[in-house]
$ cat upload.txt   # compact mmCIF, C-alpha atoms and all ligand atoms
# COMPACT_ATOMS: atom_id res chain seq x y z
CA MET I 1 56.85 -51.50 70.85
CA SER I 2 59.90 -53.26 69.58
CA ILE I 3 59.22 -56.52 67.84
CA GLN I 4 62.76 -57.72 68.42
CA ARG I 5 63.05 -60.53 70.92
CA GLU I 6 66.12 -62.42 71.91
CA ARG I 7 65.91 -65.70 70.15
CA ARG I 8 68.01 -68.79 70.50
CA ASP I 9 67.14 -71.17 67.75
CA GLU I 10 68.39 -74.54 68.91
CA TRP I 11 66.22 -76.45 66.52
CA ASP I 12 68.05 -78.74 64.11
CA ARG I 13 67.10 -78.01 60.54
CA VAL I 14 67.20 -81.18 58.49
CA GLN I 15 69.34 -80.69 55.40
CA LEU I 16 70.92 -83.38 53.24
CA LEU I 17 72.32 -81.44 50.26
CA ASP I 18 74.59 -78.42 50.37
CA THR I 19 73.73 -75.58 48.00
CA ASP I 20 75.91 -77.16 45.27
CA GLY I 21 73.97 -80.39 45.46
CA ARG I 22 76.61 -82.35 47.40
CA LEU I 23 75.43 -84.81 50.01
CA LEU I 24 76.49 -83.47 53.41
CA PRO I 25 79.02 -85.70 55.21
CA ASP I 26 76.61 -86.99 57.85
CA ALA I 27 73.58 -87.10 55.53
CA ASP I 28 71.23 -90.05 55.74
CA PRO I 29 69.49 -89.93 52.35
CA PRO I 30 66.12 -91.60 51.79
CA ASP I 31 65.97 -94.95 50.06
CA LEU I 32 64.99 -93.83 46.55
CA GLY I 33 65.96 -95.53 43.28
CA ASP I 34 67.13 -93.75 40.10
CA GLU I 35 63.65 -93.74 38.59
CA ALA I 36 62.04 -92.15 41.63
CA LEU I 37 64.77 -89.49 41.90
CA LEU I 38 64.45 -88.59 38.23
CA ALA I 39 60.66 -88.46 38.56
CA ILE I 40 61.06 -85.88 41.34
CA TYR I 41 63.44 -83.88 39.13
CA GLU I 42 61.06 -83.93 36.17
CA ASP I 43 58.19 -82.80 38.38
CA LEU I 44 60.36 -79.94 39.68
CA ARG I 45 61.04 -78.84 36.10
CA LEU I 46 57.37 -79.21 35.21
CA ALA I 47 56.37 -77.09 38.20
CA ARG I 48 58.80 -74.28 37.32
CA HIS I 49 57.76 -74.22 33.66
CA PHE I 50 54.05 -74.39 34.46
CA ASP I 51 54.53 -71.48 36.87
CA GLU I 52 56.35 -69.33 34.29
CA ARG I 53 53.63 -69.93 31.72
CA ALA I 54 50.83 -69.31 34.20
CA VAL I 55 52.28 -65.94 35.28
CA SER I 56 52.63 -64.97 31.62
CA PHE I 57 49.06 -66.09 30.94
CA GLN I 58 47.72 -64.01 33.76
CA ARG I 59 49.57 -60.98 32.39
CA GLN I 60 47.87 -61.57 29.03
CA GLY I 61 44.44 -61.74 30.68
CA ARG I 62 43.96 -65.39 29.76
CA ILE I 63 43.58 -66.62 33.37
CA GLY I 64 42.53 -64.87 36.57
CA THR I 65 44.65 -64.07 39.61
CA TYR I 66 47.42 -66.63 40.04
CA ALA I 67 49.46 -67.64 43.11
CA PRO I 68 53.10 -68.16 41.97
CA ILE I 69 55.40 -70.85 43.38
CA ALA I 70 58.91 -70.16 42.02
CA GLY I 71 61.39 -71.20 44.72
CA GLN I 72 58.83 -73.36 46.53
CA GLU I 73 58.70 -76.26 44.06
CA GLY I 74 61.09 -78.42 46.09
CA ALA I 75 58.84 -78.44 49.15
CA GLN I 76 55.67 -79.17 47.20
CA VAL I 77 57.02 -81.78 44.81
CA ALA I 78 59.10 -83.77 47.29
CA SER I 79 56.39 -83.83 49.97
CA ALA I 80 53.71 -84.97 47.51
CA HIS I 81 56.05 -87.72 46.27
CA ALA I 82 56.26 -89.04 49.83
CA LEU I 83 52.55 -89.95 49.87
CA GLY I 84 51.15 -93.38 49.11
CA ALA I 85 48.29 -93.84 46.64
CA ALA I 86 45.66 -94.21 49.38
CA ASP I 87 46.79 -91.12 51.30
CA TRP I 88 45.10 -87.73 50.99
CA LEU I 89 46.48 -84.37 49.95
CA VAL I 90 44.78 -81.20 51.16
CA PRO I 91 46.04 -78.11 49.29
CA THR I 92 45.85 -74.37 49.81
CA TYR I 93 45.50 -72.03 46.84
CA ARG I 94 49.23 -72.42 46.09
CA GLU I 95 49.87 -76.16 45.80
CA HIS I 96 49.80 -76.43 42.00
CA ALA I 97 53.01 -78.49 41.91
CA ALA I 98 51.81 -80.90 44.61
CA LYS I 99 48.58 -81.43 42.66
CA LEU I 100 50.50 -82.15 39.45
CA VAL I 101 52.56 -84.77 41.30
CA ARG I 102 49.35 -86.33 42.54
CA GLY I 103 48.16 -86.78 38.96
CA MET I 104 46.03 -83.74 38.27
CA GLU I 105 46.30 -82.60 34.67
CA PRO I 106 47.94 -79.21 34.02
CA ALA I 107 45.00 -78.43 31.70
CA ALA I 108 42.57 -78.92 34.61
CA LEU I 109 44.55 -76.48 36.75
CA LEU I 110 44.55 -73.88 33.97
CA CYS I 111 40.80 -74.37 33.46
CA THR I 112 40.17 -73.58 37.11
CA MET I 113 42.36 -70.49 36.86
CA ALA I 114 40.41 -69.38 33.79
CA GLY I 115 37.17 -69.69 35.74
CA HIS I 116 35.84 -72.90 34.18
CA GLY I 117 34.22 -75.21 36.70
CA GLU I 118 35.65 -78.29 34.94
CA GLY I 119 38.97 -77.80 36.73
CA TYR I 120 37.28 -78.43 40.06
CA ALA I 121 36.13 -81.89 39.02
CA ILE I 122 39.03 -83.69 40.70
CA PRO I 123 39.15 -87.39 39.81
CA GLY I 124 38.09 -89.24 42.98
CA GLU I 125 40.94 -91.74 42.93
CA LEU I 126 43.55 -88.98 43.32
CA ASN I 127 42.48 -88.26 46.92
CA VAL I 128 42.94 -84.51 46.56
CA THR I 129 40.44 -82.06 48.06
CA PRO I 130 39.52 -78.78 46.37
CA GLU I 131 41.91 -76.00 47.32
CA TYR I 132 41.33 -73.97 50.46
CA VAL I 133 41.50 -70.18 50.25
CA PRO I 134 40.28 -69.20 53.74
CA ILE I 135 43.51 -69.45 55.72
CA ALA I 136 43.83 -72.47 58.07
CA THR I 137 40.26 -73.71 57.52
CA GLN I 138 41.73 -76.88 56.09
CA VAL I 139 43.56 -77.73 59.34
CA PRO I 140 40.61 -78.85 61.54
CA GLN I 141 38.83 -80.24 58.49
CA THR I 142 41.79 -82.46 57.59
CA VAL I 143 41.97 -83.56 61.22
CA GLY I 144 38.29 -84.54 60.96
CA MET I 145 38.95 -86.50 57.77
CA ALA I 146 41.89 -88.26 59.39
CA TRP I 147 39.98 -89.10 62.55
CA ALA I 148 37.07 -90.52 60.55
CA SER I 149 39.52 -92.64 58.57
CA ARG I 150 41.13 -93.93 61.74
CA LEU I 151 37.78 -94.78 63.35
CA GLN I 152 36.94 -96.79 60.26
CA GLY I 153 40.17 -98.75 60.61
CA GLU I 154 41.70 -97.46 57.39
CA GLU I 155 45.44 -96.96 56.91
CA GLN I 156 45.72 -93.55 55.33
CA ALA I 157 47.78 -90.48 56.08
CA PHE I 158 46.36 -86.99 55.50
CA LEU I 159 48.87 -84.38 54.35
CA CYS I 160 47.60 -80.89 55.07
CA TYR I 161 49.46 -77.89 53.62
CA LEU I 162 49.46 -74.49 55.29
CA GLY I 163 51.50 -71.28 55.19
CA ASP I 164 53.36 -69.53 58.01
CA GLY I 165 50.44 -67.08 58.08
CA ALA I 166 48.03 -69.89 58.97
CA THR I 167 49.80 -70.52 62.28
CA SER I 168 48.18 -67.41 63.79
CA GLU I 169 44.66 -68.65 63.13
CA GLY I 170 42.55 -70.33 65.82
CA ASP I 171 41.82 -73.16 63.39
CA PHE I 172 45.51 -74.09 63.36
CA HIS I 173 45.68 -74.46 67.14
CA GLU I 174 42.33 -76.24 67.47
CA GLY I 175 43.27 -78.67 64.73
CA LEU I 176 46.70 -79.50 66.12
CA ASN I 177 45.37 -79.83 69.65
CA PHE I 178 42.76 -82.36 68.55
CA ALA I 179 45.33 -84.23 66.44
CA GLY I 180 47.64 -84.54 69.44
CA VAL I 181 44.93 -85.79 71.78
CA PHE I 182 43.38 -88.29 69.36
CA ASP I 183 46.52 -89.23 67.41
CA THR I 184 44.88 -88.61 64.08
CA PRO I 185 46.96 -89.77 61.08
CA ASN I 186 47.92 -86.23 60.03
CA VAL I 187 51.00 -84.62 58.61
CA PHE I 188 50.82 -80.83 58.85
CA PHE I 189 53.17 -79.35 56.27
CA CYS I 190 53.89 -75.68 56.86
CA ASN I 191 55.46 -73.87 53.91
CA ASN I 192 57.27 -71.15 55.82
CA ASN I 193 58.32 -68.68 53.14
CA GLY I 194 58.86 -65.93 55.70
CA TRP I 195 55.92 -63.82 54.59
CA ALA I 196 52.13 -63.78 54.74
CA ILE I 197 51.57 -61.27 51.94
CA SER I 198 53.32 -58.23 53.51
CA LEU I 199 53.53 -59.56 57.07
CA PRO I 200 57.01 -60.90 57.93
CA ARG I 201 57.54 -64.05 59.93
CA GLU I 202 58.78 -61.99 62.95
CA ARG I 203 55.36 -60.33 63.23
CA GLN I 204 53.54 -63.63 62.81
CA THR I 205 54.90 -65.39 65.88
CA ALA I 206 57.41 -64.85 68.67
CA SER I 207 58.20 -68.58 68.71
CA ALA I 208 61.78 -69.39 67.72
CA THR I 209 60.49 -71.91 65.19
CA ILE I 210 57.13 -72.96 63.82
CA ALA I 211 58.11 -76.62 64.21
CA GLY I 212 58.47 -75.98 67.94
CA LYS I 213 54.75 -75.25 68.26
CA ALA I 214 54.08 -78.98 67.97
CA ARG I 215 55.59 -79.48 71.43
CA ALA I 216 52.66 -77.66 72.98
CA TYR I 217 50.31 -80.22 71.44
CA GLY I 218 52.39 -83.20 72.50
CA PHE I 219 53.76 -84.42 69.21
CA GLU I 220 56.86 -84.06 67.10
CA GLY I 221 57.78 -80.98 65.10
CA VAL I 222 60.47 -81.16 62.43
CA GLN I 223 62.17 -78.25 60.74
CA VAL I 224 63.58 -78.95 57.30
CA ASP I 225 65.33 -77.01 54.56
CA GLY I 226 62.32 -76.59 52.28
CA MET I 227 64.55 -75.95 49.27
CA ASP I 228 66.33 -79.29 49.63
CA PRO I 229 64.00 -81.80 47.92
CA LEU I 230 65.89 -84.81 49.24
CA ALA I 231 65.52 -83.66 52.86
CA VAL I 232 61.85 -82.73 52.36
CA TYR I 233 61.14 -86.17 50.93
CA ARG I 234 62.81 -87.91 53.85
CA VAL I 235 61.08 -86.03 56.64
CA THR I 236 57.66 -86.21 54.96
CA ARG I 237 58.01 -89.92 54.25
CA GLU I 238 58.93 -90.57 57.89
CA ALA I 239 55.96 -88.50 59.07
CA VAL I 240 53.57 -90.29 56.69
CA GLU I 241 54.77 -93.67 57.95
CA LYS I 242 54.52 -92.58 61.56
CA ALA I 243 50.93 -91.45 60.96
CA LYS I 244 49.69 -94.78 59.69
CA ASP I 245 52.16 -97.68 59.62
CA PRO I 246 53.28 -98.44 63.18
CA PRO I 247 51.16 -100.44 65.61
CA GLU I 248 47.88 -98.67 66.44
CA ASP I 249 49.04 -97.20 69.78
CA GLU I 250 52.24 -95.75 68.31
CA ARG I 251 50.70 -93.73 65.49
CA ARG I 252 51.35 -90.02 65.84
CA PRO I 253 50.82 -86.82 63.88
CA THR I 254 53.75 -84.57 62.89
CA LEU I 255 54.19 -80.88 62.16
CA ILE I 256 56.78 -80.17 59.46
CA GLU I 257 58.12 -76.66 58.99
CA ALA I 258 59.74 -76.34 55.58
CA VAL I 259 61.87 -73.19 55.54
CA GLN I 260 61.96 -71.63 52.10
CA TYR I 261 61.62 -68.46 50.07
CA ARG I 262 59.31 -67.55 47.21
CA TYR I 263 61.13 -65.54 44.55
CA SER I 264 57.93 -64.19 43.11
CA ALA I 265 55.02 -62.16 44.47
CA HIS I 266 52.31 -63.43 46.81
CA SER I 267 49.95 -63.36 43.85
CA THR I 268 49.78 -61.68 40.48
CA ALA I 269 47.72 -58.97 42.22
CA ASP I 270 50.58 -58.17 44.63
CA ASP I 271 53.69 -55.99 44.37
CA PRO I 272 56.33 -57.27 46.85
CA GLU I 273 58.68 -54.35 46.15
CA VAL I 274 56.48 -52.29 48.44
CA TYR I 275 57.34 -54.36 51.52
CA ARG I 276 60.37 -56.58 50.93
CA GLU I 277 63.83 -56.19 49.49
CA GLY I 278 64.81 -58.05 46.35
CA VAL I 279 65.68 -61.73 46.51
CA SER I 280 69.02 -62.27 48.23
CA GLU I 281 71.88 -64.34 46.82
CA GLU I 282 71.50 -66.65 49.78
CA TRP I 283 68.04 -67.73 48.69
CA LEU I 284 68.95 -67.87 45.02
CA ASP I 285 71.81 -70.24 45.90
CA ARG I 286 69.33 -72.59 47.51
CA ASP I 287 67.12 -72.83 44.39
CA PRO I 288 65.84 -76.42 44.61
CA ILE I 289 66.00 -77.15 40.88
CA PRO I 290 69.69 -76.57 39.99
CA ARG I 291 70.57 -77.90 43.43
CA PHE I 292 68.76 -81.21 42.98
CA GLY I 293 69.90 -81.35 39.33
CA ALA I 294 73.53 -80.99 40.46
CA PHE I 295 73.03 -83.84 42.94
CA LEU I 296 71.69 -86.07 40.14
CA ARG I 297 74.55 -85.14 37.80
CA ARG I 298 77.19 -85.68 40.45
CA SER I 299 75.82 -89.13 41.16
CA GLY I 300 75.79 -90.00 37.44
CA ARG I 301 72.00 -90.07 37.05
CA LEU I 302 71.60 -87.00 34.85
CA ASP I 303 73.52 -85.64 31.87
CA ASP I 304 72.90 -82.94 29.23
CA GLU I 305 71.10 -85.31 26.91
CA LEU I 306 68.61 -86.49 29.54
CA ASP I 307 68.16 -82.96 30.84
CA ASP I 308 67.27 -81.75 27.33
CA ALA I 309 64.82 -84.62 26.87
CA ILE I 310 63.16 -83.72 30.18
CA ARG I 311 62.95 -80.05 29.16
CA THR I 312 61.33 -80.94 25.84
CA ARG I 313 58.82 -83.29 27.52
CA VAL I 314 57.89 -80.68 30.10
CA GLU I 315 57.49 -77.91 27.51
CA GLU I 316 55.33 -80.10 25.29
CA ARG I 317 53.17 -81.15 28.19
CA VAL I 318 52.46 -77.58 29.23
CA ALA I 319 51.91 -76.45 25.61
CA ASP I 320 49.37 -79.27 25.11
CA ALA I 321 47.65 -78.31 28.36
CA ILE I 322 47.35 -74.70 27.21
CA GLU I 323 45.76 -75.85 23.97
CA VAL I 324 43.23 -78.02 25.80
CA ALA I 325 42.38 -75.34 28.36
CA GLU I 326 42.00 -72.61 25.75
CA ALA I 327 39.59 -74.74 23.72
CA VAL I 328 37.15 -74.89 26.64
CA GLU I 329 34.27 -72.52 26.06
CA ALA I 330 32.64 -70.65 28.87
CA ASP I 331 28.97 -71.37 29.32
CA PRO I 332 27.35 -68.13 30.52
CA ASP I 333 24.39 -70.03 31.98
CA LYS I 334 26.70 -71.49 34.61
CA VAL I 335 27.01 -68.08 36.25
CA PHE I 336 23.45 -68.55 37.44
CA GLU I 337 23.72 -72.15 38.60
CA HIS I 338 24.58 -73.90 41.87
CA VAL I 339 24.11 -71.03 44.32
CA TYR I 340 20.34 -70.80 44.76
CA ALA I 341 17.79 -73.62 44.51
CA GLU I 342 15.21 -70.89 43.84
CA PRO I 343 16.89 -67.89 42.17
CA PRO I 344 15.86 -64.54 43.68
CA ASP I 345 14.17 -61.89 41.51
CA ARG I 346 17.30 -59.88 40.79
CA LEU I 347 19.05 -62.97 39.45
CA ARG I 348 16.04 -63.78 37.25
CA GLU I 349 16.15 -60.23 35.92
CA GLN I 350 19.87 -60.48 35.15
CA ARG I 351 19.38 -63.75 33.38
CA ALA I 352 16.57 -62.27 31.26
CA GLU I 353 18.89 -59.38 30.41
CA LEU I 354 21.62 -61.78 29.32
CA ASP I 355 19.15 -63.76 27.20
CA ALA I 356 18.04 -60.55 25.47
CA LEU I 357 21.66 -59.63 24.70
CA ARG I 358 22.34 -63.09 23.32
CA GLU I 359 19.27 -62.81 21.12
CA ARG I 360 20.59 -59.56 19.71
CA HIS I 361 24.32 -60.33 19.42
CA GLY I 362 24.45 -64.11 19.24
CA ASP I 363 26.06 -66.42 21.77
CA ALA I 364 29.72 -66.18 20.72
CA PRO I 365 30.81 -63.01 22.62
CA PHE I 366 29.65 -64.61 25.87
CA ARG I 367 31.56 -67.85 25.46
CA LYS I 368 35.14 -66.58 25.69
C1 LIG O 401 40.82 -66.33 57.03
C2 LIG O 401 41.53 -65.50 56.00
N1 LIG O 401 42.04 -64.30 56.34
C3 LIG O 401 42.69 -63.55 55.40
C4 LIG O 401 42.80 -64.01 54.12
C5 LIG O 401 43.53 -63.15 53.07
N2 LIG O 401 44.80 -63.79 52.75
C6 LIG O 401 44.97 -64.52 51.63
S1 LIG O 401 46.50 -65.19 51.53
C7 LIG O 401 46.98 -64.47 52.99
C8 LIG O 401 48.39 -64.68 53.51
C9 LIG O 401 48.66 -66.09 53.85
O1 LIG O 401 50.01 -66.24 54.14
P1 LIG O 401 50.63 -67.67 54.39
O2 LIG O 401 49.70 -68.50 55.20
O3 LIG O 401 51.99 -67.48 54.92
O4 LIG O 401 50.67 -68.34 52.94
P2 LIG O 401 51.48 -67.88 51.65
O5 LIG O 401 50.54 -67.03 50.83
O6 LIG O 401 52.71 -67.18 52.08
O7 LIG O 401 51.77 -69.14 50.90
C10 LIG O 401 45.94 -63.73 53.53
C11 LIG O 401 46.05 -62.97 54.78
C12 LIG O 401 42.24 -65.26 53.81
N3 LIG O 401 42.34 -65.80 52.58
N4 LIG O 401 41.62 -66.01 54.76
MG MG O 402 53.78 -67.47 53.84
$ encode --input "upload.txt" --output "structure tokens"
Amino acid sequence: MSIQRERRDEWDRVQLLDTDGRLLPDADPPDLGDEALLAIYEDLRLARHFDERAVSFQRQGRIGTYAPIAGQEGAQVASAHALGAADWLVPTYREHAAKLVRGMEPAALLCTMAGHGEGYAIPGELNVTPEYVPIATQVPQTVGMAWASRLQGEEQAFLCYLGDGATSEGDFHEGLNFAGVFDTPNVFFCNNNGWAISLPRERQTASATIAGKARAYGFEGVQVDGMDPLAVYRVTREAVEKAKDPPEDERRPTLIEAVQYRYSAHSTADDPEVYREGVSEEWLDRDPIPRFGAFLRRSGRLDDELDDAIRTRVEERVADAIEVAEAVEADPDKVFEHVYAEPPDRLREQRAELDALRERHGDAPFRK
């Protein structure tokens, strides 16, 4: 069966910057001051550098499997910047940059990746949930959180990230249907990178756009250039406001489809050369970091000196985080905790075996 369908994509894709970082003639940029724009830029640089170091760390066996983000920083950073302090952020396994924007420490992220439970202790005031690995599970759960918040009369928006792959799951449709009927204060942010591991977007859905799926649930869908941080910020900010700020009977959820490309593999356990061609010039031209940097330079907000200072700050921050994370010692007893109230016999036997080994060899080999 051919998977080709005739497709007429009449959806407007929101884009404010051209690939050289020039504001498009009819662009309506968001109201952001110099400080806020530079904060977004620094977070973009932090995200890229953190990602490079994390991939290298995984290759050295210092952290476990890692989900890279190169190319996707613009969507994560700009959308997370659009949230207010009281709003909630619900990440998948890939939203490292969004979590950093929200105030999570890079050392905590590395700890989690190295298997230390400490990284999962997310400070309560950040309003970030633990990451979701089972695809789309977070969608109905975030709708539940948002509905509870609304029933309690709170003014909070709930930003729920998902991939293009998640749109084929029942949870996605159940969650969006409920959100449309009950007007829960949700923003569904779909990072459409064109692939769900080896499955291309064309095999995921026959819909012309992912944004268009919102129509079926009776609310607005917006497609945005996910590698244009300025455009991502604007559409997310508008969606966040629409979820919580207008009069009670005008509050509405939104589905955002951020079209983008990930330069790197699905995870460090994946080899994309098996199923996709190398990264095209077209996607490299859209790289959100030089593009946003060029916009800041053109508008006189960034020069070489400031750029160097930002690079140094970012590198120092990640280097410090690595030092902190590497100093954390594994506690082998934790392997046995938190799953069973009453450990079964085989677990008791394994623990006794470990204790015997520690008696013989000392504790040190089991703490790294
Ligand atoms: C319910 C479920 N099915 C399958 C998997 C295995 N799996 C992990 S990531 C992934 C692809 C997800 O693709 P997408 O939603 O587009 O996100 P991306 O990784 O591209 O960011 C799959 C199938 C899973 N984690 N959960
Ligand atoms: Mg994907």
$ residues_near_ligand --input "upload.txt" --ligand "ligand MG 402 (chain O)" --cutoff "9 Å" --atoms "all atoms listed in the file" --output "ChimeraX atom specification"
/I:162-166,190-197,199-201,261-262,266
$ axis_aligned_box --input "upload.txt" --around "ligand LIG 401 (chain O)" --padding-each-side "4 Å" --output "JSON"
{"center_x": 46.8, "center_y": -66.1, "center_z": 53.9, "size_x": 19.9, "size_y": 14.2, "size_z": 14.2}
$ atom_distance --input "upload.txt" --atom1 "atom CA of I:Met104" --atom2 "atom CA of I:Thr137"
22.5 Å
$ closest_residue --input "upload.txt" --among "I:Ile310, I:Leu255, I:Val339, I:Ile210" --to "ligand LIG 401 (chain O)" --atoms "only C-alpha atoms and all ligand atoms"
I:Ile210
$ closest_residue --input "upload.txt" --among "I:Glu155, I:Arg297, I:Leu37, I:Gly226" --to "I:Pro247" --atoms "all atoms listed in the file"
I:Glu155
$ residues_near_point --input "upload.txt" --point "(45.5, -94.2, 52.5)" --cutoff "9 Å" --atoms "only C-alpha atoms" --output "list of chain:residue names"
I:Leu83, I:Gly84, I:Ala85, I:Ala86, I:Asp87, I:Trp88, I:Asn127, I:Ser149, I:Glu154, I:Glu155, I:Gln156, I:Ala157, I:Phe158, I:Lys244
$ atom_distance --input "upload.txt" --atom1 "atom CA of I:Asp51" --atom2 "atom CA of I:Val133"
18.7 Å
$ closest_residue --input "upload.txt" --among "I:Ala265, I:Val128, I:Val187, I:Ala82" --to "I:Arg237" --atoms "only C-alpha atoms"
I:Ala82
$ residues_around --input "upload.txt" --residues "I:Arg13" --least-positions-apart "3" --cutoff "10 Å" --atoms "all atoms listed in the file" --output "list in words"
Asp9, Glu10, Leu16, Ala211, Val222, Gln223, Val224, Asp225, Gly226, Ala231, Glu257, Ala258 and Val259 of chain I
$ closest_residue --input "upload.txt" --among "I:Pro343, I:Pro134, I:Gly103, I:Gly212" --to "ligand LIG 401 (chain O)" --atoms "all atoms listed in the file"
I:Pro134
$ atom_distance --input "upload.txt" --atom1 "atom CA of I:Tyr41" --atom2 "atom CA of I:His81"
11.0 Å
$ closest_residue --input "upload.txt" --among "I:Asp31, I:Asp307, I:Glu174, I:Asp287" --to "I:Arg48" --atoms "all atoms listed in the file"
I:Asp287
